[in-house]
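Chemist: Questions regarding the structure given below will be posed in turn.
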Amino acid sequence: ALCLVIAWFPSTVWNTPIVSSDAPAHYYFIHRLLDEGLGAALHLWPHDSFYPPLFHICAYLVIKIAALFGVQCSIYAAFNITWIIASGVIFPAGMLVLCRYFLQRWNRGNPISNPISRISQASSTPESSNVSNQQVSSAVNRQYNVTFDATFVLQNLIGLFVPVLAVSSVCHPYGLLNAGPLIAFGFATSLLPFLIAATLRLFDAIAAREHIAKWLAITAVAGVVCLVAHPRIAFTYALILVPFIVLRLPWKLILGAFIAMCVGAVAFVALMLTSFKSDRWANPDSWFHSHQPSKNLWESISFCLTDGLDGFPAILFALLLIAGTAAAFVCASRRAAARASDSFSSAASTVVPVASADVDVDASTSDIAVSAADSPVSVSCPPPASHSNATDAASASSESSRLRRNDRLRDVIALTAAFLLVALVYVCTVTLVGALPNIISAPWYRDENRIMTMLPLVALPLLVIGINALAECVSACAASASFAPSASSFSTKNSASSVPSLSSASAVSSVKNASFASNWIVLIAVFLVIAILAVSAQIVCPSRSAARDTIIAHSSLNQSDPNEQLTEQKIAVLRKVTKRTGTQATIISDPLNGSMYAETLFNANMLYPIINARTDVPSAPFGKVETAFASGDAQQVLGTVCPLTDAPEYFLTMGDQAQSLQSFPYRAQYDSFHNEELIDTYVDGGTLVKVADYSQYGQGWALYRFGCTD
């Protein structure tokens with residue numbers, strides 16, 4: 001997975017920034033940590049407000065660790081290394097942890113096909129002290145030990161491909177590097193599988209009434225880490241966990257969880273109402289008024305079913321997902337029905353089956369009973385009075401198994417429901433318009449790039465459970481076909497006595513050999529199918545290639561439009577400006593012309609180091625400077641600008657705002673900074689004094705110094 005991410009990563013962004021709307025802020029946050037130390041982590045914004053700092057702290061640590069070895073690592077290189085580690089190591093590892101959790105629950109005490117265990121269980125009676133019975137059991141165990149646990153092999157075989165499939169889709173991690181880049185949210189998404197897995201383990205602990213404190217602590221730590229990465233990841237977490245909360249927790253905890261969610265929702269609404277002033281809050285239909293659908297209904301649904309893959313891999317993924325989910329429902333339903341039937345029979349029977357030596361210690365007594373019930377061999381002997389304690393223990397274990405017998409079915413239902421919820425949010429975002437879609441997708445800013453990151457979190461676990469279920473169904477059918485004749489022979493040979501004879505060992509051996517062969521065939525087939533999917537996804541990947549090409553285009557300095565954010569000419573001008581002003585003087589300019597990148601490229605002190613420095617914060621100078629500059633009042637301008645720092649203050653003109661930033665909703669706040677008539681007025685009055693002319697690079701480009709008196 002790491003190699004795939006590295007191979008995909010564009011080589012053009014190691015020394016230059018990815019020129020996108022959010023990129024300057026993330027680069028600036030790392031720059032500020034380097035300037036002020038880790039103490040700045042709690043107030044990274046230029047106006048000292050909080051922004052989730054975990055990604056930027058990691059990039060800061062990369063630079064510091066590199067320095068220990070005498071290596072100078074740039075902000076852009078540290079940014080890229082942190083992204084690669086999160087995308088190529090943390091995320092695929094987290095998906096492996098999450099998928100293995102579901103596989104282990106699915107396969108707990110349930111081998112794919114173990115007819116030998118069934119015969120052994122059926123033939124193990126309270127009279128097993130009989131020499132002949134012991135010899136048969138010994139023969140069975142010897143034969144079983146030379147084979148392998150097919151469930152264990154299949155579980156690890158599927159797990160082998162999970163990390164690769166996790167990074168095969170354009171959904172995550174690639175999209176967010178290109179979109180913004182929404183780095184902090186992407187980093188939190190890469191961490192989220194660990195939090196989901198820890199929470200599900202906590203649910204297991206609550207159900208078993210053991211190790212609750214341990215898993216509560218682990219879940220709390222994982223939750224804090226994710227929130228420090230980006231608080232908005234809580235919406236993704238809640239959306240995916242809702243079905244599991246409903247299906248696996250006691251009703252009191254369900255009620256408590258939903259109360260907590262409601263409190264969180266109210267707090268979020270309050271935050272939005274107080275942070276963003278708008279006259280459209282009462283009219284949800286007008287929210288995201290500039291949003292345009294990007295896909296039709298079929299395209300958005302198929303994107304969900306294919307996990308964002310392309311071509312043949314997309315078709316194969318969708319077929320496996322649909323067929324596997326259906327097989328999982330069938331297997332889980334039949335298993336639950338069999339256990340329910342067996343539980344009912346056990347309540348009316350005095351038979352106490354005794355497990356043989358080859359039974360998995362994790363399997364419950366209900367598993368044994370079901371296996372015995374499925375077998376054509378049956379033994380019924382009333383237990384003697386001396387076995388009353390064993391009966392009590394078996395009853396208690398049977399009750400525990402009864403409570404657990406629907407685990408498979410609940411997992412399949414919960415995973416499917418989570419997938420459908422994510423698909424609903426995605427469809428509302430990219431296809432539907434109106435009040436309801438706006439409300440549903442609002443927690444993610446109705447941003448397709450954020451929402452598509454959720455798809456692998458639900459599609460991949462559902463896929464691996466489905467493949468496991470398909471393999472189980474096929475193997476069970478093959479084993480049953482080979483088991484029936486041998487079992488009949490076994491039953492006939494022992495019809496005269498309730499104690500099996502040594503002659504039954506040959507029947508046992510033949511069944512085991514047939515099961516062994518069928519398991520091998522199933523495992524090879526599973527390996528080939530998953531391998532084809534994983535390999536073909538790396539060969540047919542136009543979506544990922546398109547994302548890479550877009551990033552390369554965004555990081556290129558050879559732009560046809562001279563007013564784009566960064567060009568060769570602007571790099572040259574910003575270098576000359578910083579050399580002239582030094583790194584202590586304050587430089588004021590419209591950030592949407594690309595001047596904001598001078599902060600991290602050349603360590604310049606830009607008043608506007610990011611696109612939106614927020615002008616509605618009373619303690620920030622940004623709004624005051626904008627208002628004063630737009631007033632045309634020279635005295636107000638100098639009275640506002642000159643006290644900013646003890647160093648000189650400069651003003652830079654570098655053309656109009658970049659065309660790529662025209663969608664920025666607050667771009668009008670900087671209009672006065674490229675108003676040529678207003679600038680000429682200040683020059684004529686001595687408020688601005690030209691100190692460098694860069695007209696050879698672009699019309700009207702120049703550096704001015706404010707006429708402040710020392």
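Within each chain, counting starts at residue 1; across the structure tokens, chains are named A, B, ... in the order shown, with ligands numbered 1 upward in that order.
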With only C-alpha atoms as the counted atoms, please give the residues lying no more than 9 Å from A:Gln657, apart from itself and same-chain residues fewer than 6 positions off, as a ChimeraX atom specification.
Modeler: /A:563-565,590-594,667,671,674
Chemist: Could you turn the residues from that selection into a file that holds all heavy atoms, as a PDB file, in the first residue's frame?
Modeler:
ATOM      1  N   ASN A 563      -2.097  35.926 -14.469  1.00  0.00           N
ATOM      2  CA  ASN A 563      -2.688  36.311 -13.185  1.00  0.00           C
ATOM      3  C   ASN A 563      -2.997  35.117 -12.290  1.00  0.00           C
ATOM      4  O   ASN A 563      -3.603  35.290 -11.232  1.00  0.00           O
ATOM      5  CB  ASN A 563      -3.968  37.120 -13.411  1.00  0.00           C
ATOM      6  CG  ASN A 563      -3.682  38.516 -13.932  1.00  0.00           C
ATOM      7  OD1 ASN A 563      -2.703  39.143 -13.528  1.00  0.00           O
ATOM      8  ND2 ASN A 563      -4.519  38.990 -14.842  1.00  0.00           N
ATOM      9  N   GLU A 564      -2.597  33.913 -12.712  1.00  0.00           N
ATOM     10  CA  GLU A 564      -2.837  32.759 -11.844  1.00  0.00           C
ATOM     11  C   GLU A 564      -2.032  32.902 -10.554  1.00  0.00           C
ATOM     12  O   GLU A 564      -1.118  33.727 -10.456  1.00  0.00           O
ATOM     13  CB  GLU A 564      -2.496  31.455 -12.558  1.00  0.00           C
ATOM     14  CG  GLU A 564      -3.704  30.715 -13.095  1.00  0.00           C
ATOM     15  CD  GLU A 564      -4.835  30.553 -12.097  1.00  0.00           C
ATOM     16  OE1 GLU A 564      -4.575  30.369 -10.880  1.00  0.00           O
ATOM     17  OE2 GLU A 564      -5.996  30.630 -12.507  1.00  0.00           O
ATOM     18  N   GLN A 565      -2.340  32.064  -9.579  1.00  0.00           N
ATOM     19  CA  GLN A 565      -1.787  32.242  -8.232  1.00  0.00           C
ATOM     20  C   GLN A 565      -0.262  32.254  -8.220  1.00  0.00           C
ATOM     21  O   GLN A 565       0.352  33.116  -7.598  1.00  0.00           O
ATOM     22  CB  GLN A 565      -2.305  31.133  -7.307  1.00  0.00           C
ATOM     23  CG  GLN A 565      -3.805  31.190  -7.072  1.00  0.00           C
ATOM     24  CD  GLN A 565      -4.264  30.094  -6.144  1.00  0.00           C
ATOM     25  OE1 GLN A 565      -3.786  29.957  -5.024  1.00  0.00           O
ATOM     26  NE2 GLN A 565      -5.197  29.279  -6.604  1.00  0.00           N
ATOM     27  N   ASP A 590      -3.096  41.808  -1.823  1.00  0.00           N
ATOM     28  CA  ASP A 590      -4.261  40.950  -2.035  1.00  0.00           C
ATOM     29  C   ASP A 590      -3.776  39.505  -2.090  1.00  0.00           C
ATOM     30  O   ASP A 590      -3.059  39.125  -3.020  1.00  0.00           O
ATOM     31  CB  ASP A 590      -4.950  41.340  -3.349  1.00  0.00           C
ATOM     32  CG  ASP A 590      -6.191  40.503  -3.623  1.00  0.00           C
ATOM     33  OD1 ASP A 590      -6.432  39.522  -2.884  1.00  0.00           O
ATOM     34  OD2 ASP A 590      -6.911  40.828  -4.579  1.00  0.00           O
ATOM     35  N   PRO A 591      -4.135  38.654  -1.127  1.00  0.00           N
ATOM     36  CA  PRO A 591      -3.599  37.282  -1.121  1.00  0.00           C
ATOM     37  C   PRO A 591      -4.062  36.466  -2.316  1.00  0.00           C
ATOM     38  O   PRO A 591      -3.396  35.503  -2.696  1.00  0.00           O
ATOM     39  CB  PRO A 591      -4.137  36.702   0.195  1.00  0.00           C
ATOM     40  CG  PRO A 591      -5.350  37.510   0.498  1.00  0.00           C
ATOM     41  CD  PRO A 591      -5.074  38.882  -0.017  1.00  0.00           C
ATOM     42  N   LEU A 592      -5.178  36.870  -2.937  1.00  0.00           N
ATOM     43  CA  LEU A 592      -5.707  36.097  -4.038  1.00  0.00           C
ATOM     44  C   LEU A 592      -4.920  36.290  -5.335  1.00  0.00           C
ATOM     45  O   LEU A 592      -5.235  35.675  -6.353  1.00  0.00           O
ATOM     46  CB  LEU A 592      -7.187  36.418  -4.279  1.00  0.00           C
ATOM     47  CG  LEU A 592      -8.173  35.610  -3.419  1.00  0.00           C
ATOM     48  CD1 LEU A 592      -8.046  35.965  -1.954  1.00  0.00           C
ATOM     49  CD2 LEU A 592      -9.614  35.818  -3.886  1.00  0.00           C
ATOM     50  N   ASN A 593      -3.880  37.131  -5.284  1.00  0.00           N
ATOM     51  CA  ASN A 593      -2.992  37.226  -6.444  1.00  0.00           C
ATOM     52  C   ASN A 593      -1.785  36.310  -6.291  1.00  0.00           C
ATOM     53  O   ASN A 593      -0.884  36.320  -7.137  1.00  0.00           O
ATOM     54  CB  ASN A 593      -2.546  38.678  -6.683  1.00  0.00           C
ATOM     55  CG  ASN A 593      -1.717  39.225  -5.520  1.00  0.00           C
ATOM     56  OD1 ASN A 593      -1.171  38.486  -4.716  1.00  0.00           O
ATOM     57  ND2 ASN A 593      -1.627  40.556  -5.449  1.00  0.00           N
ATOM     58  N   GLY A 594      -1.736  35.510  -5.237  1.00  0.00           N
ATOM     59  CA  GLY A 594      -0.653  34.559  -5.019  1.00  0.00           C
ATOM     60  C   GLY A 594       0.409  35.047  -4.069  1.00  0.00           C
ATOM     61  O   GLY A 594       1.331  34.287  -3.718  1.00  0.00           O
ATOM     62  N   ARG A 667     -14.015  37.005  -1.684  1.00  0.00           N
ATOM     63  CA  ARG A 667     -12.945  37.651  -2.452  1.00  0.00           C
ATOM     64  C   ARG A 667     -13.132  39.165  -2.553  1.00  0.00           C
ATOM     65  O   ARG A 667     -12.158  39.907  -2.701  1.00  0.00           O
ATOM     66  CB  ARG A 667     -12.861  37.046  -3.853  1.00  0.00           C
ATOM     67  CG  ARG A 667     -14.077  37.283  -4.732  1.00  0.00           C
ATOM     68  CD  ARG A 667     -13.935  36.594  -6.075  1.00  0.00           C
ATOM     69  NE  ARG A 667     -15.041  36.900  -6.967  1.00  0.00           N
ATOM     70  CZ  ARG A 667     -16.204  36.276  -6.961  1.00  0.00           C
ATOM     71  NH1 ARG A 667     -16.418  35.284  -6.096  1.00  0.00           N
ATOM     72  NH2 ARG A 667     -17.158  36.613  -7.807  1.00  0.00           N
ATOM     73  N   ASP A 671     -10.947  43.791  -2.698  1.00  0.00           N
ATOM     74  CA  ASP A 671     -11.041  44.559  -3.949  1.00  0.00           C
ATOM     75  C   ASP A 671     -10.231  45.860  -3.906  1.00  0.00           C
ATOM     76  O   ASP A 671      -9.643  46.272  -4.904  1.00  0.00           O
ATOM     77  CB  ASP A 671     -12.505  44.872  -4.267  1.00  0.00           C
ATOM     78  CG  ASP A 671     -13.225  43.669  -4.868  1.00  0.00           C
ATOM     79  OD1 ASP A 671     -12.530  42.706  -5.257  1.00  0.00           O
ATOM     80  OD2 ASP A 671     -14.468  43.685  -4.925  1.00  0.00           O
ATOM     81  N   HIS A 674      -6.468  46.015  -5.185  1.00  0.00           N
ATOM     82  CA  HIS A 674      -6.076  46.061  -6.597  1.00  0.00           C
ATOM     83  C   HIS A 674      -6.890  47.118  -7.361  1.00  0.00           C
ATOM     84  O   HIS A 674      -7.070  47.017  -8.567  1.00  0.00           O
ATOM     85  CB  HIS A 674      -6.204  44.681  -7.261  1.00  0.00           C
ATOM     86  CG  HIS A 674      -7.547  44.031  -7.067  1.00  0.00           C
ATOM     87  ND1 HIS A 674      -7.780  43.108  -6.088  1.00  0.00           N
ATOM     88  CD2 HIS A 674      -8.713  44.166  -7.738  1.00  0.00           C
ATOM     89  CE1 HIS A 674      -9.028  42.698  -6.148  1.00  0.00           C
ATOM     90  NE2 HIS A 674      -9.620  43.335  -7.154  1.00  0.00           N
TER      91      HIS A 674
END
Chemist: Could you please determine the separation between atom CA of A:Leu176 and atom CA of A:Ala537 in Å, to one decimal place?
Modeler: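 Computing the Euclidean distance for atom CA of A:Leu176 and atom CA of A:Ala537 yields 19.5 Å.
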Chemist: Using only C-alpha atoms, which protein or nucleic acid residues come within 10 Å of stretch 272-280 of chain A? Drop anything in the same chain fewer than 5 positions from it, and give the result as a VMD selection string.
Modeler: chain A and resid 266 to 267 285 to 289 616 to 617
Chemist: Give the helix (DSSP H, G or I) residues of stretch 521-646 of chain A, as assigned by DSSP on the backbone, as a ChimeraX atom specification.
Modeler: /A:521-539,542-555,568-581,591-593,595-602,622-631,634-644
Chemist: One decimal, in Å: what's the spacing between atom CA of A:Ser294 and atom CA of A:Ile552?
Modeler: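 About the pair atom CA of A:Ser294 and atom CA of A:Ile552: they are 22.5 Å apart.
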Chemist: One decimal, Å: what's the distance from atom CA of A:Leu321 over to atom CA of A:Cys99, could you say?
Modeler: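 Result for atom CA of A:Leu321 versus atom CA of A:Cys99: 14.2 Å, one decimal.
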Chemist: For A:Val522, which of A:Leu202, A:Leu154, A:Ala630, A:Ala229 is the closest residue, counting only C-alpha atoms?
Modeler: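 Looking at the shortest contact to A:Val522, the residue is A:Leu154.
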Chemist: Find, counting only C-alpha atoms, the residue in A:Asn468, A:Ser595, A:Ser555, A:Thr219 that gets nearest to A:Ala328.
Modeler: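 Closest residue, counting only C-alpha atoms: A:Asn468.
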Chemist: Find the residues near A:Val427: any atom within 12 Å, counting only C-alpha atoms, skip ones fewer than 5 places away on the same chain, and give them as a PyMOL selection string.
Modeler: chain A and resi 293-305+420-422+432-433+436-438+440-441+446-448+451-452+455
Chemist: Would you please work out which residue, of A:Ser49, A:Asn519, A:Gln696, A:Ser333, is nearest to A:Asp407 when using only C-alpha atoms?
Modeler: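 Among A:Ser49, A:Asn519, A:Gln696, A:Ser333, it is A:Ser333 that comes nearest to A:Asp407.
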